[in-house]
>>> print(open('model-v1.txt').read())   # compact mmCIF, C-alpha atoms and all ligand atoms
# COMPACT_ATOMS: atom_id res chain seq x y z
CA MET A 1 52.29 101.45 89.98
CA LYS A 2 54.20 104.68 90.66
CA SER A 3 54.83 106.62 87.47
CA ASN A 4 58.58 107.18 87.71
CA GLU A 5 60.69 104.07 87.11
CA VAL A 6 64.13 103.74 88.66
CA LEU A 7 66.79 101.07 88.15
CA VAL A 8 69.10 99.96 90.95
CA THR A 9 72.25 98.25 89.66
CA GLY A 10 73.39 96.50 92.84
CA ARG A 11 72.60 95.91 96.48
CA MET A 12 72.14 99.18 98.39
CA MET A 13 71.53 100.07 102.02
CA PRO A 14 68.01 99.35 103.33
CA LEU A 15 67.42 103.07 103.92
CA VAL A 16 68.02 103.70 100.22
CA MET A 17 65.95 100.75 98.99
CA GLU A 18 63.02 101.43 101.31
CA GLN A 19 62.70 105.09 100.36
CA LEU A 20 63.15 104.49 96.64
CA GLU A 21 60.62 101.64 96.76
CA SER A 22 58.05 103.84 98.53
CA ARG A 23 58.37 106.65 95.96
CA PHE A 24 59.13 105.00 92.63
CA THR A 25 58.66 101.80 90.67
CA LEU A 26 61.97 100.14 91.42
CA HIS A 27 63.72 97.55 89.25
CA LYS A 28 66.68 95.60 90.66
CA LEU A 29 69.24 94.67 88.05
CA HIS A 30 71.24 92.59 90.53
CA GLU A 31 68.24 90.39 91.34
CA ALA A 32 67.25 89.73 87.74
CA ALA A 33 67.70 86.13 86.58
CA ASP A 34 68.26 87.50 83.08
CA ARG A 35 69.65 91.04 83.09
CA ASP A 36 69.31 91.53 79.33
CA ALA A 37 65.67 90.47 79.46
CA LEU A 38 64.97 92.90 82.32
CA LEU A 39 66.71 95.74 80.49
CA ALA A 40 64.85 94.94 77.26
CA GLU A 41 61.53 95.01 79.13
CA VAL A 42 61.89 97.98 81.48
CA GLY A 43 64.90 99.83 79.97
CA PRO A 44 62.78 102.11 77.75
CA ARG A 45 60.89 103.41 80.82
CA ILE A 46 63.80 104.05 83.21
CA ARG A 47 64.37 107.74 84.11
CA ALA A 48 66.95 107.33 86.86
CA VAL A 49 69.62 104.85 87.95
CA ALA A 50 70.88 104.41 91.51
CA THR A 51 74.35 102.89 91.48
CA GLY A 52 77.65 102.57 93.31
CA GLY A 53 81.24 101.53 92.76
CA HIS A 54 80.26 97.84 92.74
CA VAL A 55 78.82 97.94 89.21
CA LYS A 56 80.01 99.78 86.11
CA THR A 57 77.44 102.24 84.83
CA ASP A 58 79.06 102.45 81.43
CA ALA A 59 77.95 103.62 78.01
CA ALA A 60 76.73 100.10 77.12
CA LEU A 61 74.32 100.06 80.08
CA MET A 62 73.14 103.66 79.72
CA ALA A 63 72.56 103.21 75.98
CA LYS A 64 69.95 100.57 76.84
CA LEU A 65 67.99 103.22 78.78
CA PRO A 66 66.79 105.71 76.13
CA LYS A 67 64.74 107.81 78.60
CA LEU A 68 67.54 107.99 81.17
CA GLU A 69 67.99 111.44 82.72
CA LEU A 70 69.86 110.83 85.97
CA VAL A 71 72.54 108.52 87.38
CA ALA A 72 72.83 108.90 91.18
CA ASN A 73 76.12 107.43 92.40
CA PHE A 74 76.66 106.26 95.98
CA GLY A 75 80.15 107.59 96.70
CA VAL A 76 82.07 110.79 96.07
CA GLY A 77 84.26 108.93 93.56
CA TYR A 78 82.33 108.12 90.40
CA ASP A 79 84.98 106.48 88.23
CA SER A 80 82.62 103.53 87.73
CA VAL A 81 80.17 105.84 85.90
CA ASP A 82 80.99 107.04 82.38
CA ALA A 83 80.23 110.66 83.24
CA ALA A 84 81.71 111.97 79.96
CA TRP A 85 79.28 109.81 77.96
CA ALA A 86 76.44 110.88 80.25
CA GLY A 87 77.31 114.56 79.72
CA GLN A 88 77.32 114.10 75.94
CA HIS A 89 73.91 112.40 76.05
CA GLY A 90 72.06 114.78 78.37
CA VAL A 91 72.21 112.48 81.39
CA VAL A 92 73.01 114.13 84.73
CA VAL A 93 75.35 112.30 87.14
CA THR A 94 75.33 113.00 90.88
CA ASN A 95 77.74 111.83 93.60
CA THR A 96 77.85 112.13 97.40
CA PRO A 97 80.40 114.83 98.29
CA ASP A 98 80.92 116.60 101.64
CA VAL A 99 78.98 114.17 103.84
CA LEU A 100 81.97 111.78 103.94
CA THR A 101 84.84 114.27 104.02
CA GLU A 102 85.60 114.19 107.76
CA GLU A 103 85.17 110.40 108.07
CA VAL A 104 87.58 109.66 105.24
CA ALA A 105 90.10 112.18 106.62
CA ASP A 106 89.86 110.56 110.07
CA THR A 107 90.44 107.11 108.55
CA CYS A 108 93.42 108.45 106.64
CA LEU A 109 95.08 109.74 109.81
CA GLY A 110 94.43 106.40 111.51
CA LEU A 111 95.99 104.57 108.58
CA LEU A 112 98.95 106.96 108.61
CA LEU A 113 99.66 106.34 112.30
CA MET A 114 99.14 102.59 111.96
CA THR A 115 101.64 102.48 109.11
CA VAL A 116 104.35 104.79 110.40
CA ARG A 117 104.29 103.47 113.98
CA GLU A 118 103.54 99.81 113.01
CA LEU A 119 100.47 99.75 115.24
CA SER A 120 98.79 96.77 113.60
CA ALA A 121 102.03 94.76 113.52
CA SER A 122 102.64 95.53 117.20
CA GLU A 123 99.08 94.50 118.07
CA ARG A 124 99.59 91.24 116.20
CA TYR A 125 102.77 90.78 118.29
CA LEU A 126 100.82 91.19 121.53
CA ARG A 127 97.98 88.89 120.43
CA ALA A 128 100.50 86.21 119.46
CA GLY A 129 101.78 86.26 123.05
CA LEU A 130 105.20 87.51 121.94
CA TRP A 131 105.35 90.42 124.40
CA GLU A 132 105.45 87.97 127.32
CA LYS A 133 107.66 85.44 125.51
CA GLN A 134 110.15 87.70 123.73
CA GLY A 135 109.89 91.08 125.44
CA ALA A 136 109.05 94.51 124.09
CA TYR A 137 108.07 95.02 120.45
CA PRO A 138 111.09 96.36 118.50
CA LEU A 139 111.36 100.15 118.29
CA THR A 140 109.90 101.47 115.07
CA HIS A 141 112.38 102.91 112.57
CA ASN A 142 109.87 105.43 111.39
CA THR A 143 108.20 108.33 113.19
CA LEU A 144 105.94 111.22 112.29
CA ALA A 145 108.23 113.66 114.07
CA GLY A 146 109.62 116.31 111.74
CA LYS A 147 108.13 114.76 108.59
CA THR A 148 106.71 116.36 105.46
CA VAL A 149 103.49 115.05 104.00
CA GLY A 150 102.81 115.40 100.28
CA ILE A 151 99.13 115.34 99.38
CA LEU A 152 98.16 114.21 95.89
CA ALA A 153 94.83 115.92 95.07
CA LEU A 154 94.07 118.70 97.54
CA GLY A 155 90.30 118.69 97.17
CA ARG A 156 87.77 118.67 100.00
CA ILE A 157 89.07 115.43 101.52
CA GLY A 158 92.70 116.36 100.87
CA LYS A 159 92.20 119.65 102.73
CA ALA A 160 90.54 117.91 105.70
CA ILE A 161 93.55 115.56 105.83
CA ALA A 162 95.98 118.51 105.60
CA LYS A 163 94.22 120.24 108.52
CA ARG A 164 94.63 117.13 110.67
CA CYS A 165 98.27 116.70 109.60
CA GLN A 166 98.96 120.30 110.56
CA ALA A 167 97.57 119.62 114.03
CA PHE A 168 100.03 116.72 114.23
CA GLY A 169 102.89 119.16 113.56
CA LEU A 170 103.61 117.85 110.06
CA LYS A 171 104.75 120.03 107.15
CA ILE A 172 102.41 119.90 104.17
CA VAL A 173 103.05 120.21 100.45
CA TYR A 174 100.72 119.27 97.61
CA HIS A 175 100.42 118.34 93.96
CA GLY A 176 97.37 118.47 91.73
CA ARG A 177 96.34 119.61 88.28
CA SER A 178 96.92 123.25 89.23
CA GLN A 179 98.07 125.49 92.05
CA GLN A 180 95.24 126.77 94.25
CA LYS A 181 95.18 130.50 94.95
CA ASP A 182 93.62 130.28 98.42
CA VAL A 183 96.09 127.63 99.67
CA ALA A 184 99.35 128.54 101.42
CA TYR A 185 100.93 125.04 101.36
CA PRO A 186 103.85 124.79 98.91
CA TYR A 187 102.75 123.47 95.50
CA TYR A 188 104.73 121.08 93.33
CA PRO A 189 103.86 121.14 89.63
CA THR A 190 105.05 117.54 89.17
CA LEU A 191 104.22 114.43 91.17
CA VAL A 192 107.82 113.19 90.99
CA GLY A 193 109.00 116.56 92.30
CA MET A 194 106.62 116.34 95.25
CA ALA A 195 107.56 112.71 95.93
CA GLU A 196 111.22 113.78 96.14
CA ALA A 197 110.35 116.59 98.55
CA CYS A 198 108.12 114.67 100.96
CA ASP A 199 108.53 111.75 103.38
CA ILE A 200 104.93 110.55 103.28
CA LEU A 201 102.90 110.61 100.07
CA ILE A 202 99.15 110.61 100.70
CA SER A 203 97.03 109.91 97.64
CA VAL A 204 93.44 111.14 97.69
CA ALA A 205 93.28 111.23 93.91
CA PRO A 206 90.09 109.99 92.23
CA GLY A 207 90.15 107.09 89.76
CA GLY A 208 89.68 107.26 86.01
CA ASP A 209 91.85 107.52 82.90
CA SER A 210 93.62 110.74 83.90
CA THR A 211 95.02 109.31 87.14
CA PHE A 212 95.58 105.68 86.07
CA HIS A 213 98.91 104.41 87.49
CA ILE A 214 100.28 107.94 88.01
CA ILE A 215 102.01 106.61 91.14
CA ASP A 216 104.46 104.41 89.28
CA ALA A 217 107.97 103.02 89.79
CA GLU A 218 109.54 106.42 89.11
CA VAL A 219 107.39 108.19 91.72
CA LEU A 220 108.12 105.44 94.27
CA ARG A 221 111.86 105.76 93.61
CA ALA A 222 111.54 109.51 94.16
CA LEU A 223 109.75 108.88 97.47
CA GLY A 224 112.82 106.93 98.54
CA PRO A 225 113.86 104.22 101.01
CA LYS A 226 112.47 106.06 104.06
CA GLY A 227 109.30 107.04 102.24
CA VAL A 228 105.76 105.93 103.05
CA LEU A 229 102.79 105.75 100.67
CA ILE A 230 99.25 106.14 102.00
CA ASN A 231 96.38 105.55 99.56
CA ILE A 232 92.86 106.50 100.63
CA GLY A 233 91.59 107.52 97.16
CA ARG A 234 91.44 104.88 94.41
CA GLY A 235 93.53 101.77 93.85
CA SER A 236 93.87 102.41 90.11
CA VAL A 237 96.00 105.51 90.82
CA VAL A 238 98.88 103.26 91.97
CA ASP A 239 100.67 100.77 89.74
CA GLU A 240 100.18 97.90 92.20
CA GLY A 241 102.84 95.72 90.56
CA ALA A 242 105.40 98.54 90.84
CA LEU A 243 104.36 99.13 94.46
CA ILE A 244 104.77 95.46 95.39
CA SER A 245 108.23 95.39 93.87
CA ALA A 246 109.16 98.72 95.58
CA LEU A 247 108.06 97.33 98.96
CA GLN A 248 109.80 93.98 98.46
CA ASN A 249 113.03 95.66 97.38
CA LYS A 250 112.91 98.42 100.02
CA VAL A 251 112.69 101.14 97.39
CA ILE A 252 110.18 102.67 99.83
CA ALA A 253 109.82 101.89 103.54
CA SER A 254 106.14 100.99 103.81
CA ALA A 255 102.59 101.63 102.69
CA GLY A 256 99.13 102.00 104.17
CA LEU A 257 96.40 101.12 101.70
CA ASP A 258 92.63 101.40 102.00
CA VAL A 259 92.05 100.89 98.28
CA PHE A 260 93.28 98.40 95.68
CA GLU A 261 93.31 97.97 91.92
CA LYS A 262 90.92 95.00 91.74
CA GLU A 263 88.81 95.19 94.92
CA PRO A 264 87.97 93.10 96.80
CA HIS A 265 91.02 91.19 95.54
CA VAL A 266 94.21 92.07 97.42
CA PRO A 267 97.39 90.57 95.92
CA ALA A 268 98.95 87.81 98.04
CA GLU A 269 102.32 89.58 97.70
CA LEU A 270 100.92 92.55 99.65
CA ILE A 271 99.31 90.34 102.31
CA ALA A 272 102.69 88.62 102.78
CA LEU A 273 104.35 91.92 103.75
CA ASP A 274 104.09 92.46 107.50
CA HIS A 275 105.20 96.11 107.43
CA VAL A 276 102.34 97.13 105.16
CA VAL A 277 98.91 98.10 106.53
CA LEU A 278 95.94 96.91 104.50
CA LEU A 279 92.33 98.01 105.09
CA PRO A 280 89.27 96.72 103.19
CA HIS A 281 88.15 100.11 101.74
CA VAL A 282 86.66 101.42 104.97
CA GLY A 283 87.39 105.14 104.49
CA SER A 284 83.75 106.21 104.78
CA ALA A 285 82.40 102.99 106.29
CA SER A 286 80.50 104.01 109.44
CA HIS A 287 76.72 103.71 109.82
CA HIS A 288 76.64 107.48 110.35
CA THR A 289 78.48 108.47 107.16
CA ARG A 290 77.18 105.72 104.88
CA GLY A 291 73.68 106.68 106.06
CA LEU A 292 74.26 110.29 104.99
CA MET A 293 75.66 109.12 101.65
CA GLY A 294 72.66 106.86 101.07
CA GLN A 295 70.24 109.65 101.95
CA LEU A 296 71.95 111.94 99.45
CA VAL A 297 71.41 109.32 96.72
CA VAL A 298 67.70 109.21 97.58
CA ASP A 299 67.45 113.01 97.82
CA ASN A 300 69.14 113.53 94.46
CA ILE A 301 66.72 111.16 92.73
CA THR A 302 63.67 112.55 94.53
CA SER A 303 64.59 116.17 93.83
CA PHE A 304 65.40 115.47 90.18
CA LEU A 305 62.29 113.42 89.43
CA SER A 306 60.06 116.03 91.06
CA GLY A 307 61.46 118.65 88.68
CA LYS A 308 63.66 120.47 91.18
CA GLY A 309 66.99 119.45 89.64
CA PRO A 310 69.88 117.46 91.08
CA LEU A 311 71.41 118.44 94.44
CA THR A 312 75.01 117.43 93.83
CA PRO A 313 75.77 117.12 90.09
CA VAL A 314 79.34 116.22 89.11
CA ALA A 315 81.60 118.54 87.11
CA GLU A 316 81.01 116.74 83.79
CA THR A 317 77.25 117.28 84.00
CA PRO A 318 76.69 120.79 85.43
CA TRP A 319 73.21 121.91 86.42
CA PRO A 320 71.53 123.81 84.91
CA PRO A 321 73.13 122.39 81.79
CA LYS A 322 75.51 124.75 79.97
CA GLY A 323 74.51 126.07 76.52
C1 LIG A 401 82.76 104.19 99.48
C2 LIG A 401 84.29 105.82 98.31
O1 LIG A 401 83.47 103.15 100.07
O2 LIG A 401 82.90 107.69 98.22
C3 LIG A 401 83.76 107.03 97.67
O3 LIG A 401 84.21 107.34 96.56
O4 LIG A 401 85.22 105.24 97.87
C4 LIG A 401 83.71 105.32 99.56
O5 LIG A 401 83.19 106.32 100.33
C5 LIG A 401 82.28 103.68 98.20
O6 LIG A 401 81.64 104.64 97.50
C6 LIG A 401 81.34 102.51 98.43
O7 LIG A 401 80.83 102.03 97.25
>>> encode(input="model-v1.txt", output="structure tokens", more="lines below")
Ligand code: 8YV
Amino acid sequence: MKSNEVLVTGRMMPLVMEQLESRFTLHKLHEAADRDALLAEVGPRIRAVATGGHVKTDAALMAKLPKLELVANFGVGYDSVDAAWAGQHGVVVTNTPDVLTEEVADTCLGLLLMTVRELSASERYLRAGLWEKQGAYPLTHNTLAGKTVGILALGRIGKAIAKRCQAFGLKIVYHGRSQQKDVAYPYYPTLVGMAEACDILISVAPGGDSTFHIIDAEVLRALGPKGVLINIGRGSVVDEGALISALQNKVIASAGLDVFEKEPHVPAELIALDHVVLLPHVGSASHHTRGLMGQLVVDNITSFLSGKGPLTPVAETPWPPKG
């Protein structure tokens, strides 16, 4: 039996499982017939948890692991981990930044083009045999030409998206918690103000309490009847009910969504709308990028449990710990 014991909360990529299994004593919460019994038995010995967005690593779970020192999250977004609680209880949380930045930005530009130029609807038209039967697909009302993109949350991924948008000849503005000194794009101190000023609102914002439903009916009204919403960040940022009603009532023109409030559930009202593009949360989903993310989970746990500290701690749990 290897001395360090690690808990995995849900199914993870083989490359993660194999490496963790070869280095540590691994316990699989998702395979336990009785989770409470497993936690009661092994919980007191667990030093690290490997987790992802599929399972909540909340205070209730972490409190059952009195020797817990590290939670390694698969994903740059870690809204499913209670990082504030972890920080208050001396538990370090890590995520998987940087390795997915370019992939997510690429996906975002694909989603943007699909939405604005109706590429998936026009492909459906061809596949249904309508090109031959009815003639050319109708001209799209929307275009990228001359448009302004407003980016909500200009972090690493937001900046990679902005760079691509610039290459497409788009104007860029942004909104976030504060203006960034090293960024020349115009800053809007309010989200509504930015929504009024832009044609296409791209949300890269992370989930969590501070961003919950910040894209609401008012923001959608400000975006306007020619406006487009692209969401590549977290579904919880958008009030999905307000979005459905805005799309149905043409308060905005269309939306391209890679993320949803209750994944994998996608509301039937959204699926019914042909001018909306819906992707099953594939922003980072290539073998290449998911492999790098998985490796970073393994490397964080290995480095931490061998006394070398975490590689990519999140802001709430800085390393070395403050004070
Ligand atoms: C993954 C993501 O799809 O990194 C994130 O925050 O949303 C995506 O890259 C997700 O982490 C998979 O669980």
>>> residues_near_ligand(input="model-v1.txt", ligand="ligand LIG 401 (chain A)", cutoff="6 Å", atoms="only C-alpha atoms and all ligand atoms", output="VMD selection string")
chain A and resid 52 to 53 74 to 77 281 284
>>> atom_distance(input="model-v1.txt", atom1="atom CA of A:Met17", atom2="atom CA of A:Asp106")
28.1 Å
>>> closest_atom_pairs(input="model-v1.txt", of="stretch 93-147 of chain A", to="stretch 258-279 of chain A", cutoff="8 Å", atoms="only C-alpha atoms", output="CSV")
residue,atom,partner,partner_atom,distance
A:Leu111,CA,A:Val277,CA,7.4
A:Met114,CA,A:Val277,CA,7.0
A:Thr115,CA,A:Val277,CA,5.8
A:Glu118,CA,A:His275,CA,6.9
A:Ser120,CA,A:Val277,CA,7.2
A:Ala121,CA,A:Asp274,CA,6.8
>>> write_last_selection(input="model-v1.txt", atoms="C-alpha atoms", output="PDB file, keeping the file's coordinate frame")
ATOM      1  CA  LEU A 111      95.990 104.570 108.580  1.00  0.00           C
ATOM      2  CA  MET A 114      99.140 102.590 111.960  1.00  0.00           C
ATOM      3  CA  THR A 115     101.640 102.480 109.110  1.00  0.00           C
ATOM      4  CA  GLU A 118     103.540  99.810 113.010  1.00  0.00           C
ATOM      5  CA  SER A 120      98.790  96.770 113.600  1.00  0.00           C
ATOM      6  CA  ALA A 121     102.030  94.760 113.520  1.00  0.00           C
TER       7      ALA A 121
END
>>> closest_residue(input="model-v1.txt", among="A:Glu103, A:Asp299, A:Asp79, A:Asp209", to="A:Asp58", atoms="only C-alpha atoms")
A:Asp79
>>> closest_atom_pairs(input="model-v1.txt", of="stretch 170-247 of chain A", to="stretch 132-146 of chain A", cutoff="10 Å", atoms="only C-alpha atoms", output="CSV")
residue,atom,partner,partner_atom,distance
A:Leu170,CA,A:Gly146,CA,6.4
A:Lys171,CA,A:Gly146,CA,7.7
A:Asp199,CA,A:Leu144,CA,9.3
A:Ile200,CA,A:Leu144,CA,9.1
A:Lys226,CA,A:Asn142,CA,7.8
A:Gly227,CA,A:Asn142,CA,9.3
A:Val228,CA,A:Asn142,CA,9.3
>>> residues_around(input="model-v1.txt", residues="A:Ile232", least_positions_apart="6", cutoff="7 Å", atoms="all atoms listed in the file", output="ChimeraX atom specification")
/A:108,203-204,257-259,283
>>> write_last_selection(input="model-v1.txt", atoms="C-alpha atoms", output="PDB file, keeping the file's coordinate frame")
ATOM      1  CA  CYS A 108      93.420 108.450 106.640  1.00  0.00           C
ATOM      2  CA  SER A 203      97.030 109.910  97.640  1.00  0.00           C
ATOM      3  CA  VAL A 204      93.440 111.140  97.690  1.00  0.00           C
ATOM      4  CA  LEU A 257      96.400 101.120 101.700  1.00  0.00           C
ATOM      5  CA  ASP A 258      92.630 101.400 102.000  1.00  0.00           C
ATOM      6  CA  VAL A 259      92.050 100.890  98.280  1.00  0.00           C
ATOM      7  CA  GLY A 283      87.390 105.140 104.490  1.00  0.00           C
TER       8      GLY A 283
END
>>> residues_around(input="model-v1.txt", residues="A:Glu240", least_positions_apart="2", cutoff="9 Å", atoms="all atoms listed in the file", output="MDAnalysis selection string")
chainID A and resid 213 215:216 235:238 242:245 260:261 267
>>> closest_residue(input="model-v1.txt", among="A:Ile214, A:Ala83, A:Ala37, A:Ile230", to="A:Ile161", atoms="only C-alpha atoms")
A:Ile230
>>> atom_distance(input="model-v1.txt", atom1="atom CA of A:Gly256", atom2="atom CA of A:Arg221")
17.0 Å
>>> closest_residue(input="model-v1.txt", among="A:Gly90, A:Val298, A:Arg47, A:Ser80", to="A:Gly323", atoms="all atoms listed in the file")
A:Gly90
>>> closest_residue(input="model-v1.txt", among="A:Val116, A:Ala50, A:Ala33, A:Leu7", to="A:Gln295", atoms="all atoms listed in the file")
A:Ala50
>>> build_atoms(input="model-v1.txt", residues="stretch 43-59 of chain A", atoms="N, CA and C atoms", output="mmCIF file, in the coordinates of the input")
data_model
loop_
_atom_site.group_PDB
_atom_site.id
_atom_site.type_symbol
_atom_site.label_atom_id
_atom_site.label_comp_id
_atom_site.auth_asym_id
_atom_site.auth_seq_id
_atom_site.Cartn_x
_atom_site.Cartn_y
_atom_site.Cartn_z
ATOM 1 N N GLY A 43 63.923 98.810 80.363
ATOM 2 C CA GLY A 43 64.900 99.830 79.970
ATOM 3 C C GLY A 43 64.284 101.079 79.352
ATOM 4 N N PRO A 44 63.347 100.928 78.404
ATOM 5 C CA PRO A 44 62.780 102.110 77.750
ATOM 6 C C PRO A 44 61.991 103.028 78.690
ATOM 7 N N ARG A 45 61.685 102.566 79.908
ATOM 8 C CA ARG A 45 60.890 103.410 80.820
ATOM 9 C C ARG A 45 61.716 104.005 81.971
ATOM 10 N N ILE A 46 62.984 103.617 82.066
ATOM 11 C CA ILE A 46 63.800 104.050 83.210
ATOM 12 C C ILE A 46 64.214 105.523 83.080
ATOM 13 N N ARG A 47 63.943 106.320 84.125
ATOM 14 C CA ARG A 47 64.370 107.740 84.110
ATOM 15 C C ARG A 47 65.608 107.976 84.965
ATOM 16 N N ALA A 48 65.798 107.115 85.969
ATOM 17 C CA ALA A 48 66.950 107.330 86.860
ATOM 18 C C ALA A 48 67.569 105.999 87.259
ATOM 19 N N VAL A 49 68.872 106.035 87.480
ATOM 20 C CA VAL A 49 69.620 104.850 87.950
ATOM 21 C C VAL A 49 70.254 105.196 89.284
ATOM 22 N N ALA A 50 70.134 104.292 90.251
ATOM 23 C CA ALA A 50 70.880 104.410 91.510
ATOM 24 C C ALA A 50 71.989 103.367 91.449
ATOM 25 N N THR A 51 73.228 103.812 91.652
ATOM 26 C CA THR A 51 74.350 102.890 91.480
ATOM 27 C C THR A 51 75.463 103.189 92.467
ATOM 28 N N GLY A 52 76.492 102.363 92.438
ATOM 29 C CA GLY A 52 77.650 102.570 93.310
ATOM 30 C C GLY A 52 78.856 101.923 92.662
ATOM 31 N N GLY A 53 80.001 102.002 93.348
ATOM 32 C CA GLY A 53 81.240 101.530 92.760
ATOM 33 C C GLY A 53 81.247 100.046 92.409
ATOM 34 N N HIS A 54 80.255 99.283 92.946
ATOM 35 C CA HIS A 54 80.260 97.840 92.740
ATOM 36 C C HIS A 54 79.905 97.425 91.314
ATOM 37 N N VAL A 55 79.234 98.291 90.568
ATOM 38 C CA VAL A 55 78.820 97.940 89.210
ATOM 39 C C VAL A 55 79.197 99.079 88.271
ATOM 40 N N LYS A 56 79.677 98.746 87.087
ATOM 41 C CA LYS A 56 80.010 99.780 86.110
ATOM 42 C C LYS A 56 78.732 100.318 85.466
ATOM 43 N N THR A 57 78.532 101.627 85.561
ATOM 44 C CA THR A 57 77.440 102.240 84.830
ATOM 45 C C THR A 57 78.091 102.869 83.609
ATOM 46 N N ASP A 58 78.311 102.020 82.605
ATOM 47 C CA ASP A 58 79.060 102.450 81.430
ATOM 48 C C ASP A 58 78.119 102.808 80.281
ATOM 49 N N ALA A 59 78.740 103.205 79.167
ATOM 50 C CA ALA A 59 77.950 103.620 78.010
ATOM 51 C C ALA A 59 77.031 102.488 77.544
#
